[in-house]
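> Structure file data29.cif (mmCIF, N, CA and C atoms) is given on the next line.
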data_data
#
loop_
_atom_site.label_atom_id
_atom_site.label_comp_id
_atom_site.auth_asym_id
_atom_site.auth_seq_id
_atom_site.Cartn_x
_atom_site.Cartn_y
_atom_site.Cartn_z
N MET A 29 105.33 86.65 166.09
CA MET A 29 105.05 87.88 165.40
C MET A 29 103.56 88.14 165.30
N VAL A 30 102.78 87.12 165.19
CA VAL A 30 101.34 87.27 165.11
C VAL A 30 100.79 87.76 166.44
N GLN A 31 101.31 87.27 167.54
CA GLN A 31 100.84 87.69 168.85
C GLN A 31 101.08 89.19 169.08
N CYS A 32 102.20 89.69 168.65
CA CYS A 32 102.52 91.11 168.83
C CYS A 32 101.53 92.00 168.08
N ARG A 33 101.15 91.59 166.90
CA ARG A 33 100.19 92.37 166.11
C ARG A 33 98.82 92.40 166.81
N GLN A 34 98.38 91.31 167.39
CA GLN A 34 97.10 91.28 168.07
C GLN A 34 97.11 92.16 169.32
N ARG A 35 98.22 92.18 170.03
CA ARG A 35 98.30 93.05 171.21
C ARG A 35 98.21 94.52 170.79
N ARG A 36 98.83 94.86 169.69
CA ARG A 36 98.81 96.25 169.23
C ARG A 36 97.39 96.66 168.85
N LEU A 37 96.61 95.80 168.27
CA LEU A 37 95.22 96.11 167.93
C LEU A 37 94.41 96.40 169.19
N ALA A 38 94.69 95.72 170.26
CA ALA A 38 93.98 95.96 171.51
C ALA A 38 94.34 97.33 172.08
N VAL A 39 95.59 97.74 171.94
CA VAL A 39 96.01 99.04 172.43
C VAL A 39 95.34 100.15 171.64
N VAL A 40 95.23 99.97 170.33
CA VAL A 40 94.56 100.96 169.48
C VAL A 40 93.09 101.09 169.89
N THR A 41 92.46 100.01 170.19
CA THR A 41 91.06 100.03 170.61
C THR A 41 90.90 100.78 171.93
N VAL A 42 91.79 100.55 172.87
CA VAL A 42 91.72 101.24 174.16
C VAL A 42 92.00 102.73 173.98
N GLU A 43 92.99 103.09 173.17
CA GLU A 43 93.28 104.50 172.92
C GLU A 43 92.09 105.20 172.25
N ALA A 44 91.47 104.51 171.30
CA ALA A 44 90.31 105.09 170.62
C ALA A 44 89.15 105.29 171.58
N ALA A 45 89.01 104.39 172.54
CA ALA A 45 87.93 104.51 173.53
C ALA A 45 88.10 105.77 174.38
N PHE A 46 89.33 106.21 174.60
CA PHE A 46 89.58 107.43 175.36
C PHE A 46 89.54 108.68 174.48
N VAL A 47 90.10 108.61 173.30
CA VAL A 47 90.29 109.79 172.47
C VAL A 47 89.03 110.18 171.70
N LEU A 48 88.32 109.24 171.11
CA LEU A 48 87.18 109.55 170.26
C LEU A 48 86.05 110.29 170.98
N PRO A 49 85.64 109.90 172.17
CA PRO A 49 84.59 110.70 172.84
C PRO A 49 85.02 112.13 173.13
N VAL A 50 86.28 112.32 173.52
CA VAL A 50 86.77 113.67 173.79
C VAL A 50 86.79 114.49 172.50
N ALA A 51 87.27 113.90 171.42
CA ALA A 51 87.31 114.60 170.14
C ALA A 51 85.89 114.93 169.66
N PHE A 52 84.98 113.98 169.79
CA PHE A 52 83.59 114.22 169.38
C PHE A 52 82.96 115.35 170.19
N PHE A 53 83.21 115.36 171.51
CA PHE A 53 82.67 116.42 172.36
C PHE A 53 83.25 117.78 171.98
N LEU A 54 84.54 117.86 171.71
CA LEU A 54 85.16 119.13 171.33
C LEU A 54 84.61 119.65 170.00
N ILE A 55 84.40 118.77 169.05
CA ILE A 55 83.83 119.19 167.77
C ILE A 55 82.40 119.69 167.96
N LEU A 56 81.62 118.95 168.73
CA LEU A 56 80.24 119.34 168.99
C LEU A 56 80.17 120.67 169.75
N ALA A 57 81.04 120.85 170.74
CA ALA A 57 81.07 122.10 171.50
C ALA A 57 81.48 123.28 170.62
N THR A 58 82.38 123.05 169.68
CA THR A 58 82.78 124.11 168.76
C THR A 58 81.63 124.53 167.86
N VAL A 59 80.88 123.57 167.37
CA VAL A 59 79.74 123.87 166.49
C VAL A 59 78.67 124.64 167.27
N ILE A 60 78.34 124.19 168.46
CA ILE A 60 77.31 124.85 169.26
C ILE A 60 77.77 126.24 169.71
N GLY A 61 79.05 126.38 170.06
CA GLY A 61 79.59 127.68 170.42
C GLY A 61 79.53 128.66 169.26
N SER A 62 79.81 128.17 168.07
CA SER A 62 79.74 129.06 166.90
C SER A 62 78.30 129.47 166.61
N MET A 63 77.34 128.61 166.90
CA MET A 63 75.93 128.99 166.76
C MET A 63 75.56 130.08 167.76
N GLY A 64 76.11 130.02 168.97
CA GLY A 64 75.89 131.06 169.96
C GLY A 64 76.50 132.39 169.53
N ILE A 65 77.68 132.34 168.94
CA ILE A 65 78.32 133.56 168.44
C ILE A 65 77.48 134.17 167.32
N PHE A 66 76.95 133.32 166.45
CA PHE A 66 76.09 133.82 165.37
C PHE A 66 74.86 134.51 165.92
N ARG A 67 74.25 133.93 166.95
CA ARG A 67 73.07 134.54 167.55
C ARG A 67 73.42 135.86 168.24
N TYR A 68 74.58 135.92 168.88
CA TYR A 68 75.00 137.16 169.52
C TYR A 68 75.23 138.25 168.47
N GLN A 69 75.81 137.90 167.35
CA GLN A 69 76.00 138.86 166.27
C GLN A 69 74.66 139.36 165.74
N GLU A 70 73.69 138.47 165.67
CA GLU A 70 72.36 138.88 165.22
C GLU A 70 71.71 139.84 166.21
N VAL A 71 71.86 139.58 167.50
CA VAL A 71 71.30 140.47 168.52
C VAL A 71 71.95 141.85 168.43
N CYS A 72 73.26 141.91 168.21
CA CYS A 72 73.95 143.20 168.03
C CYS A 72 73.43 143.92 166.79
N TYR A 73 73.23 143.19 165.72
CA TYR A 73 72.72 143.78 164.49
C TYR A 73 71.30 144.33 164.69
N LEU A 74 70.46 143.59 165.39
CA LEU A 74 69.09 144.05 165.64
C LEU A 74 69.07 145.32 166.48
N ALA A 75 69.94 145.41 167.49
CA ALA A 75 70.01 146.62 168.31
C ALA A 75 70.48 147.81 167.47
N LYS A 76 71.47 147.60 166.63
CA LYS A 76 71.98 148.69 165.79
C LYS A 76 70.92 149.16 164.80
N GLU A 77 70.22 148.24 164.18
CA GLU A 77 69.18 148.62 163.21
C GLU A 77 68.01 149.32 163.90
N GLY A 78 67.65 148.88 165.09
CA GLY A 78 66.59 149.56 165.83
C GLY A 78 66.97 150.98 166.20
N ALA A 79 68.22 151.18 166.64
CA ALA A 79 68.68 152.52 166.98
C ALA A 79 68.78 153.40 165.73
N ARG A 80 69.21 152.85 164.63
CA ARG A 80 69.30 153.62 163.38
C ARG A 80 67.91 154.05 162.93
N TYR A 81 66.96 153.14 162.98
CA TYR A 81 65.58 153.46 162.59
C TYR A 81 65.02 154.57 163.47
N ALA A 82 65.24 154.47 164.77
CA ALA A 82 64.70 155.46 165.70
C ALA A 82 65.39 156.81 165.56
N SER A 83 66.68 156.80 165.24
CA SER A 83 67.41 158.06 165.18
C SER A 83 67.00 158.93 164.01
N VAL A 84 66.52 158.35 162.94
CA VAL A 84 66.12 159.15 161.78
C VAL A 84 64.61 159.40 161.72
N ARG A 85 63.87 158.89 162.68
CA ARG A 85 62.42 159.06 162.68
C ARG A 85 61.94 159.68 163.99
N GLY A 86 62.44 160.86 164.29
CA GLY A 86 62.04 161.58 165.49
C GLY A 86 60.88 162.52 165.19
N THR A 87 60.66 163.47 166.07
CA THR A 87 59.56 164.40 165.88
C THR A 87 59.78 165.32 164.68
N GLN A 88 61.02 165.62 164.36
CA GLN A 88 61.29 166.45 163.19
C GLN A 88 60.92 165.71 161.90
N TYR A 89 61.15 164.41 161.87
CA TYR A 89 60.76 163.58 160.72
C TYR A 89 59.25 163.63 160.54
N GLU A 90 58.53 163.60 161.65
CA GLU A 90 57.07 163.67 161.62
C GLU A 90 56.59 164.99 161.04
N GLN A 91 57.30 166.08 161.34
CA GLN A 91 56.92 167.40 160.85
C GLN A 91 57.25 167.58 159.37
N GLU A 92 58.35 166.98 158.92
CA GLU A 92 58.80 167.20 157.54
C GLU A 92 58.15 166.27 156.52
N VAL A 93 57.74 165.09 156.93
CA VAL A 93 57.15 164.12 156.02
C VAL A 93 55.66 164.05 156.32
N SER A 94 54.85 164.37 155.31
CA SER A 94 53.40 164.38 155.54
C SER A 94 52.89 162.95 155.73
N GLY A 95 52.07 162.77 156.71
CA GLY A 95 51.49 161.47 157.01
C GLY A 95 52.38 160.55 157.82
N ALA A 96 53.59 160.97 158.13
CA ALA A 96 54.51 160.14 158.90
C ALA A 96 54.30 160.37 160.39
N THR A 97 54.65 159.39 161.17
CA THR A 97 54.59 159.52 162.62
C THR A 97 55.97 159.28 163.20
N ALA A 98 56.25 159.90 164.32
CA ALA A 98 57.54 159.70 164.98
C ALA A 98 57.64 158.28 165.50
N ALA A 99 58.85 157.81 165.59
CA ALA A 99 59.10 156.43 166.03
C ALA A 99 58.70 156.25 167.49
N THR A 100 58.02 155.16 167.75
CA THR A 100 57.70 154.74 169.11
C THR A 100 58.38 153.39 169.34
N ALA A 101 58.38 152.94 170.57
CA ALA A 101 59.03 151.66 170.87
C ALA A 101 58.40 150.52 170.06
N ASP A 102 57.07 150.52 169.94
CA ASP A 102 56.40 149.46 169.19
C ASP A 102 56.72 149.54 167.70
N SER A 103 56.76 150.75 167.14
CA SER A 103 57.06 150.87 165.71
C SER A 103 58.51 150.49 165.43
N ILE A 104 59.41 150.77 166.34
CA ILE A 104 60.81 150.36 166.17
C ILE A 104 60.90 148.85 166.13
N TYR A 105 60.19 148.18 167.03
CA TYR A 105 60.22 146.71 167.05
C TYR A 105 59.58 146.13 165.79
N ASN A 106 58.41 146.63 165.42
CA ASN A 106 57.68 146.05 164.30
C ASN A 106 58.28 146.38 162.93
N LYS A 107 58.92 147.53 162.79
CA LYS A 107 59.43 147.94 161.48
C LYS A 107 60.93 147.81 161.31
N ALA A 108 61.69 147.74 162.40
CA ALA A 108 63.15 147.68 162.28
C ALA A 108 63.73 146.40 162.83
N ILE A 109 63.22 145.90 163.93
CA ILE A 109 63.82 144.73 164.56
C ILE A 109 63.20 143.44 164.04
N LEU A 110 61.90 143.32 164.12
CA LEU A 110 61.21 142.07 163.75
C LEU A 110 61.45 141.62 162.31
N PRO A 111 61.44 142.50 161.31
CA PRO A 111 61.68 142.03 159.94
C PRO A 111 63.10 141.51 159.70
N ARG A 112 64.04 141.86 160.56
CA ARG A 112 65.44 141.47 160.36
C ARG A 112 65.85 140.26 161.18
N VAL A 113 64.95 139.67 161.92
CA VAL A 113 65.27 138.48 162.71
C VAL A 113 65.48 137.30 161.75
N ALA A 114 66.63 136.64 161.87
CA ALA A 114 66.95 135.53 160.98
C ALA A 114 66.74 134.18 161.67
N VAL A 115 67.45 133.91 162.75
CA VAL A 115 67.36 132.60 163.39
C VAL A 115 66.90 132.66 164.84
N CYS A 116 66.84 133.83 165.43
CA CYS A 116 66.41 133.94 166.83
C CYS A 116 64.91 133.69 166.95
N ASP A 117 64.52 133.02 168.01
CA ASP A 117 63.11 132.78 168.29
C ASP A 117 62.52 134.07 168.87
N THR A 118 61.51 134.61 168.22
CA THR A 118 60.96 135.89 168.65
C THR A 118 60.27 135.80 170.02
N ALA A 119 59.92 134.60 170.46
CA ALA A 119 59.31 134.44 171.78
C ALA A 119 60.34 134.72 172.88
N ASN A 120 61.62 134.53 172.60
CA ASN A 120 62.67 134.75 173.59
C ASN A 120 63.38 136.09 173.38
N LEU A 121 62.86 136.92 172.50
CA LEU A 121 63.48 138.20 172.16
C LEU A 121 62.72 139.32 172.86
N SER A 122 63.45 140.20 173.54
CA SER A 122 62.83 141.36 174.18
C SER A 122 63.66 142.60 173.83
N TYR A 123 63.06 143.76 173.99
CA TYR A 123 63.71 145.00 173.61
C TYR A 123 63.27 146.13 174.53
N SER A 124 64.07 147.19 174.55
CA SER A 124 63.68 148.41 175.23
C SER A 124 64.26 149.58 174.46
N VAL A 125 63.54 150.68 174.45
CA VAL A 125 63.94 151.89 173.74
C VAL A 125 63.85 153.05 174.71
N SER A 126 64.90 153.88 174.73
CA SER A 126 64.86 155.07 175.58
C SER A 126 65.56 156.22 174.88
N TRP A 127 65.02 157.40 175.07
CA TRP A 127 65.59 158.62 174.54
C TRP A 127 66.22 159.38 175.69
N SER A 128 67.33 160.08 175.43
CA SER A 128 68.01 160.81 176.51
C SER A 128 67.21 162.03 176.95
N GLN A 129 66.59 162.73 176.02
CA GLN A 129 65.81 163.92 176.35
C GLN A 129 64.36 163.73 175.91
N SER A 130 64.18 163.68 174.61
CA SER A 130 62.85 163.52 174.04
C SER A 130 63.03 162.87 172.67
N ASN A 131 61.97 162.83 171.91
CA ASN A 131 62.03 162.22 170.59
C ASN A 131 62.34 163.26 169.51
N SER A 132 63.02 164.33 169.88
CA SER A 132 63.40 165.36 168.91
C SER A 132 64.93 165.41 168.82
N PRO A 133 65.46 165.91 167.71
CA PRO A 133 66.91 165.87 167.53
C PRO A 133 67.70 166.73 168.50
N TYR A 134 67.15 167.86 168.93
CA TYR A 134 67.87 168.73 169.86
C TYR A 134 66.90 169.57 170.65
N THR A 135 67.36 170.06 171.77
CA THR A 135 66.55 170.96 172.59
C THR A 135 67.37 172.20 172.91
N VAL A 136 66.70 173.33 172.97
CA VAL A 136 67.34 174.59 173.31
C VAL A 136 66.63 175.14 174.53
N THR A 137 67.38 175.34 175.60
CA THR A 137 66.76 175.83 176.84
C THR A 137 66.70 177.35 176.86
N SER A 138 67.68 178.02 176.28
CA SER A 138 67.64 179.48 176.17
C SER A 138 68.43 179.89 174.93
N SER A 139 68.31 181.15 174.54
CA SER A 139 68.98 181.61 173.33
C SER A 139 70.49 181.73 173.50
N PHE A 140 70.98 181.68 174.74
CA PHE A 140 72.41 181.82 174.98
C PHE A 140 73.14 180.48 175.09
N GLU A 141 72.40 179.42 175.20
CA GLU A 141 73.02 178.11 175.37
C GLU A 141 73.11 177.36 174.05
N LYS A 142 74.08 176.49 174.00
CA LYS A 142 74.26 175.64 172.83
C LYS A 142 73.18 174.55 172.85
N PRO A 143 72.63 174.19 171.70
CA PRO A 143 71.62 173.14 171.68
C PRO A 143 72.18 171.81 172.21
N VAL A 144 71.36 171.08 172.91
CA VAL A 144 71.74 169.79 173.48
C VAL A 144 71.20 168.70 172.57
N GLY A 145 72.08 167.87 172.06
CA GLY A 145 71.65 166.79 171.19
C GLY A 145 71.06 165.63 171.97
N ASN A 146 70.07 165.03 171.42
CA ASN A 146 69.42 163.88 172.05
C ASN A 146 69.94 162.59 171.43
N THR A 147 69.90 161.55 172.19
CA THR A 147 70.30 160.24 171.69
C THR A 147 69.18 159.25 171.96
N VAL A 148 69.17 158.19 171.17
CA VAL A 148 68.24 157.09 171.37
C VAL A 148 69.06 155.84 171.66
N THR A 149 68.61 155.06 172.62
CA THR A 149 69.30 153.82 172.99
C THR A 149 68.32 152.67 172.85
N VAL A 150 68.72 151.67 172.07
CA VAL A 150 67.91 150.47 171.88
C VAL A 150 68.68 149.29 172.47
N THR A 151 68.03 148.56 173.35
CA THR A 151 68.63 147.38 173.96
C THR A 151 67.82 146.16 173.54
N VAL A 152 68.50 145.16 172.99
CA VAL A 152 67.85 143.92 172.58
C VAL A 152 68.43 142.79 173.43
N THR A 153 67.54 141.98 174.00
CA THR A 153 67.94 140.87 174.85
C THR A 153 67.34 139.59 174.29
N TYR A 154 68.16 138.53 174.27
CA TYR A 154 67.70 137.24 173.74
C TYR A 154 68.13 136.14 174.69
N LYS A 155 67.19 135.29 175.08
CA LYS A 155 67.51 134.13 175.91
C LYS A 155 67.74 132.94 174.99
N TRP A 156 69.00 132.55 174.90
CA TRP A 156 69.39 131.45 174.00
C TRP A 156 69.59 130.17 174.80
N MET A 157 68.89 129.14 174.39
CA MET A 157 69.07 127.82 174.98
C MET A 157 69.96 127.02 174.04
N PRO A 158 71.21 126.73 174.45
CA PRO A 158 72.11 125.98 173.57
C PRO A 158 71.49 124.65 173.15
N GLU A 159 71.81 124.25 171.94
CA GLU A 159 71.19 123.07 171.35
C GLU A 159 71.56 121.77 172.07
N LEU A 160 72.67 121.74 172.79
CA LEU A 160 73.10 120.53 173.49
C LEU A 160 72.41 120.36 174.83
N TYR A 161 71.79 121.42 175.37
CA TYR A 161 71.06 121.42 176.63
C TYR A 161 71.92 121.01 177.83
N LEU A 162 73.23 121.22 177.76
CA LEU A 162 74.08 120.91 178.91
C LEU A 162 74.07 122.03 179.93
N ILE A 163 73.88 123.25 179.46
CA ILE A 163 73.82 124.40 180.36
C ILE A 163 72.51 125.13 180.11
N GLY A 164 72.07 125.87 181.12
CA GLY A 164 70.79 126.57 181.04
C GLY A 164 70.77 127.67 180.00
N PRO A 165 69.70 128.43 179.94
CA PRO A 165 69.63 129.50 178.95
C PRO A 165 70.70 130.57 179.22
N ILE A 166 71.25 131.08 178.14
CA ILE A 166 72.27 132.12 178.20
C ILE A 166 71.62 133.40 177.68
N THR A 167 71.75 134.48 178.43
CA THR A 167 71.17 135.75 178.02
C THR A 167 72.17 136.53 177.19
N LEU A 168 71.80 136.80 175.95
CA LEU A 168 72.61 137.60 175.05
C LEU A 168 71.99 138.99 175.00
N LYS A 169 72.80 140.03 175.25
CA LYS A 169 72.27 141.38 175.35
C LYS A 169 73.17 142.33 174.57
N ALA A 170 72.54 143.21 173.79
CA ALA A 170 73.28 144.21 173.04
C ALA A 170 72.58 145.56 173.17
N LYS A 171 73.39 146.61 173.27
CA LYS A 171 72.86 147.96 173.40
C LYS A 171 73.51 148.84 172.34
N SER A 172 72.68 149.64 171.67
CA SER A 172 73.19 150.55 170.66
C SER A 172 72.62 151.95 170.91
N THR A 173 73.50 152.95 170.92
CA THR A 173 73.09 154.33 171.14
C THR A 173 73.50 155.16 169.92
N MET A 174 72.55 155.94 169.41
CA MET A 174 72.81 156.80 168.25
C MET A 174 72.22 158.18 168.50
N PRO A 175 72.86 159.21 167.94
CA PRO A 175 72.29 160.55 168.08
C PRO A 175 71.07 160.72 167.18
N MET A 176 70.14 161.52 167.63
CA MET A 176 68.97 161.81 166.81
C MET A 176 69.39 162.68 165.63
N SER A 177 68.91 162.35 164.44
CA SER A 177 69.28 163.09 163.24
C SER A 177 68.59 164.44 163.20
N TYR A 178 69.25 165.38 162.58
CA TYR A 178 68.69 166.73 162.43
C TYR A 178 67.90 166.84 161.17
#
Take the structure from the file and write it as structure tokens.

Amino acid sequence: MVQCRQRRLAVVTVEAAFVLPVAFFLILATVIGSMGIFRYQEVCYLAKEGARYASVRGTQYEQEVSGATAATADSIYNKAILPRVAVCDTANLSYSVSWSQSNSPYTVTSSFEKPVGNTVTVTVTYKWMPELYLIGPITLKAKSTMPMSY
């Protein structure tokens, strides 16, 4: 009876040698994957906030508020995106801003046509290097488009 118990302990040791590394890797991969999802959510949030900031600060905002200036790509980054960065490394963060027509809420080509609304699109890109360093940098990209406010 004693011999049977010793053999069983050896089997448990062999099973643990196979199962524990796989379980440890899966737990570690889940944690690192969730960190990547968190960073992607942050990139989406930064793009949305940049587009929101730009959509309410067009040329009409400049005309109605004394001393204010219309939003530019640099002001969108410095006043809307950069202050809201939580865990992303700003050295790996890039952005682009584009307007569909101009930096005004609408344009009218003639008195017979309906005004054409303008939109602003902010794209934020982040190169994320996973903490485990098993795979190269992953590019996380988010784009947000909003109409210019009247």
> Name the residues of chain A that come out as strand (DSSP E or B) in a backbone DSSP run; write them as a ChimeraX atom specification.
/A:121-127,134-135,144-145,147-156,166-175
> One decimal, in Å: what's the spacing between atom N of Gly95 in chain A and CA of Ser83 in chain A?
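Between atom N of Gly95 in chain A and CA of Ser83 in chain A the gap is 18.1 Å.
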> Could you please give me, as a compact mmCIF listing (two decimals) with N, CA and C atoms, keeping the file's coordinate frame, the residues of protein, DNA or RNA lying at most 6 Å from (71.9, 132.9, 163.7) in the coordinate frame of the file, considering only N, CA and C atoms?

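What ended up in part-v4.txt:
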# COMPACT_ATOMS: atom_id res chain seq x y z
N PHE A 66 76.95 133.32 166.45
CA PHE A 66 76.09 133.82 165.37
C PHE A 66 74.86 134.51 165.92
N ARG A 67 74.25 133.93 166.95
CA ARG A 67 73.07 134.54 167.55
C ARG A 67 73.42 135.86 168.24
N ALA A 114 66.63 136.64 161.87
CA ALA A 114 66.95 135.53 160.98
C ALA A 114 66.74 134.18 161.67
N VAL A 115 67.45 133.91 162.75
CA VAL A 115 67.36 132.60 163.39
C VAL A 115 66.90 132.66 164.84
N CYS A 116 66.84 133.83 165.43
CA CYS A 116 66.41 133.94 166.83
C CYS A 116 64.91 133.69 166.95
> Show me, as a PyMOL selection string, the residues that have an atom within 7 Å of range 156-159 of chain A when counting all atoms listed in the file, minus same-chain residues fewer than 6 positions from it.
chain A and resi 60+120+165-168
> Taking 5 positions as the minimum chain separation for residues in the same chain, which residues sit within 5 Å of Thr147 in chain A when counting all atoms listed in the file? Answer as a ChimeraX atom specification.
/A:127-128,174-176
> Taking the file above as input, evaluate the PyMOL selection byres ((chain A and resi 71) around 8) and report the hits as a list in words.
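That selection, the PyMOL selection byres ((chain A and resi 71) around 8), comes back as Ile65, Phe66, Arg67, Tyr68, Gln69, Glu70, Cys72, Tyr73, Leu74, Ala75, Lys76, Glu77, Cys116, Thr151, Val152, Thr153, Tyr154, Leu168, Lys169, Ala170 and Lys171 of chain A.
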> Filtering to N, CA and C atoms, could you give me those residues as a short mmCIF file (atom, residue, chain, number, x, y, z; two decimals), in the coordinates of the input?

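This is the output file out00.cif:
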data_model
loop_
_atom_site.label_atom_id
_atom_site.label_comp_id
_atom_site.auth_asym_id
_atom_site.auth_seq_id
_atom_site.Cartn_x
_atom_site.Cartn_y
_atom_site.Cartn_z
N ILE A 65 77.68 132.34 168.94
CA ILE A 65 78.32 133.56 168.44
C ILE A 65 77.48 134.17 167.32
N PHE A 66 76.95 133.32 166.45
CA PHE A 66 76.09 133.82 165.37
C PHE A 66 74.86 134.51 165.92
N ARG A 67 74.25 133.93 166.95
CA ARG A 67 73.07 134.54 167.55
C ARG A 67 73.42 135.86 168.24
N TYR A 68 74.58 135.92 168.88
CA TYR A 68 75.00 137.16 169.52
C TYR A 68 75.23 138.25 168.47
N GLN A 69 75.81 137.90 167.35
CA GLN A 69 76.00 138.86 166.27
C GLN A 69 74.66 139.36 165.74
N GLU A 70 73.69 138.47 165.67
CA GLU A 70 72.36 138.88 165.22
C GLU A 70 71.71 139.84 166.21
N CYS A 72 73.26 141.91 168.21
CA CYS A 72 73.95 143.20 168.03
C CYS A 72 73.43 143.92 166.79
N TYR A 73 73.23 143.19 165.72
CA TYR A 73 72.72 143.78 164.49
C TYR A 73 71.30 144.33 164.69
N LEU A 74 70.46 143.59 165.39
CA LEU A 74 69.09 144.05 165.64
C LEU A 74 69.07 145.32 166.48
N ALA A 75 69.94 145.41 167.49
CA ALA A 75 70.01 146.62 168.31
C ALA A 75 70.48 147.81 167.47
N LYS A 76 71.47 147.60 166.63
CA LYS A 76 71.98 148.69 165.79
C LYS A 76 70.92 149.16 164.80
N GLU A 77 70.22 148.24 164.18
CA GLU A 77 69.18 148.62 163.21
C GLU A 77 68.01 149.32 163.90
N CYS A 116 66.84 133.83 165.43
CA CYS A 116 66.41 133.94 166.83
C CYS A 116 64.91 133.69 166.95
N THR A 151 68.03 148.56 173.35
CA THR A 151 68.63 147.38 173.96
C THR A 151 67.82 146.16 173.54
N VAL A 152 68.50 145.16 172.99
CA VAL A 152 67.85 143.92 172.58
C VAL A 152 68.43 142.79 173.43
N THR A 153 67.54 141.98 174.00
CA THR A 153 67.94 140.87 174.85
C THR A 153 67.34 139.59 174.29
N TYR A 154 68.16 138.53 174.27
CA TYR A 154 67.70 137.24 173.74
C TYR A 154 68.13 136.14 174.69
N LEU A 168 71.80 136.80 175.95
CA LEU A 168 72.61 137.60 175.05
C LEU A 168 71.99 138.99 175.00
N LYS A 169 72.80 140.03 175.25
CA LYS A 169 72.27 141.38 175.35
C LYS A 169 73.17 142.33 174.57
N ALA A 170 72.54 143.21 173.79
CA ALA A 170 73.28 144.21 173.04
C ALA A 170 72.58 145.56 173.17
N LYS A 171 73.39 146.61 173.27
CA LYS A 171 72.86 147.96 173.40
C LYS A 171 73.51 148.84 172.34
#
> Choose the residue, out of A:Asp117, A:Ala108, A:Ala96, A:Ile163, that has the smallest atom-to-atom separation from Ala79 in chain A; count all atoms listed in the file.
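Of all the options, A:Ala108 lies closest to Ala79 in chain A.
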> Mind checking DSSP for range 57-153 of chain A and telling me the alpha helix (DSSP H) residues as a PyMOL selection string?
chain A and resi 57-83+87-92+101-104
> Please measure the separation of CA of Ser126 in chain A and CA of Ala101 in chain A, giving the value in Å to one decimal.
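So the answer is 8.2 Å.
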> Listed atoms of range 150-156 of chain A, axis-aligned box, 5 Å per side: centre and edge lengths to one decimal in Å, as JSON?

{"center_x": 68.4, "center_y": 140.9, "center_z": 173.9, "size_x": 12.4, "size_y": 31.5, "size_z": 14.0}
> Grab the atom C of Tyr105 in chain A to CA of Gly145 in chain A distance for me, in Å with one decimal place.
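Between atom C of Tyr105 in chain A and CA of Gly145 in chain A the gap works out to 24.5 Å.
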> Counting only N, CA and C atoms, which residue out of A:Ser94, A:Gly78, A:Val47, A:Phe53 sits closest to Lys107 in chain A?
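Of A:Ser94, A:Gly78, A:Val47, A:Phe53, the one nearest Lys107 in chain A is A:Gly78, counting only N, CA and C atoms.
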> At a cut-off of 10 Å, using only C-alpha atoms, what residues contact Leu160 in chain A? Leave out same-chain residues fewer than 4 positions from it and give the result as a PyMOL selection string.
chain A and resi 56-57+60+164
> Of the candidates A:Pro49, A:Val150, A:Thr58, A:Lys155, which shows the shortest atom-to-atom distance to Arg80 in chain A, using only N, CA and C atoms?
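Going through A:Pro49, A:Val150, A:Thr58, A:Lys155 one by one, the smallest distance to Arg80 in chain A is for A:Val150.
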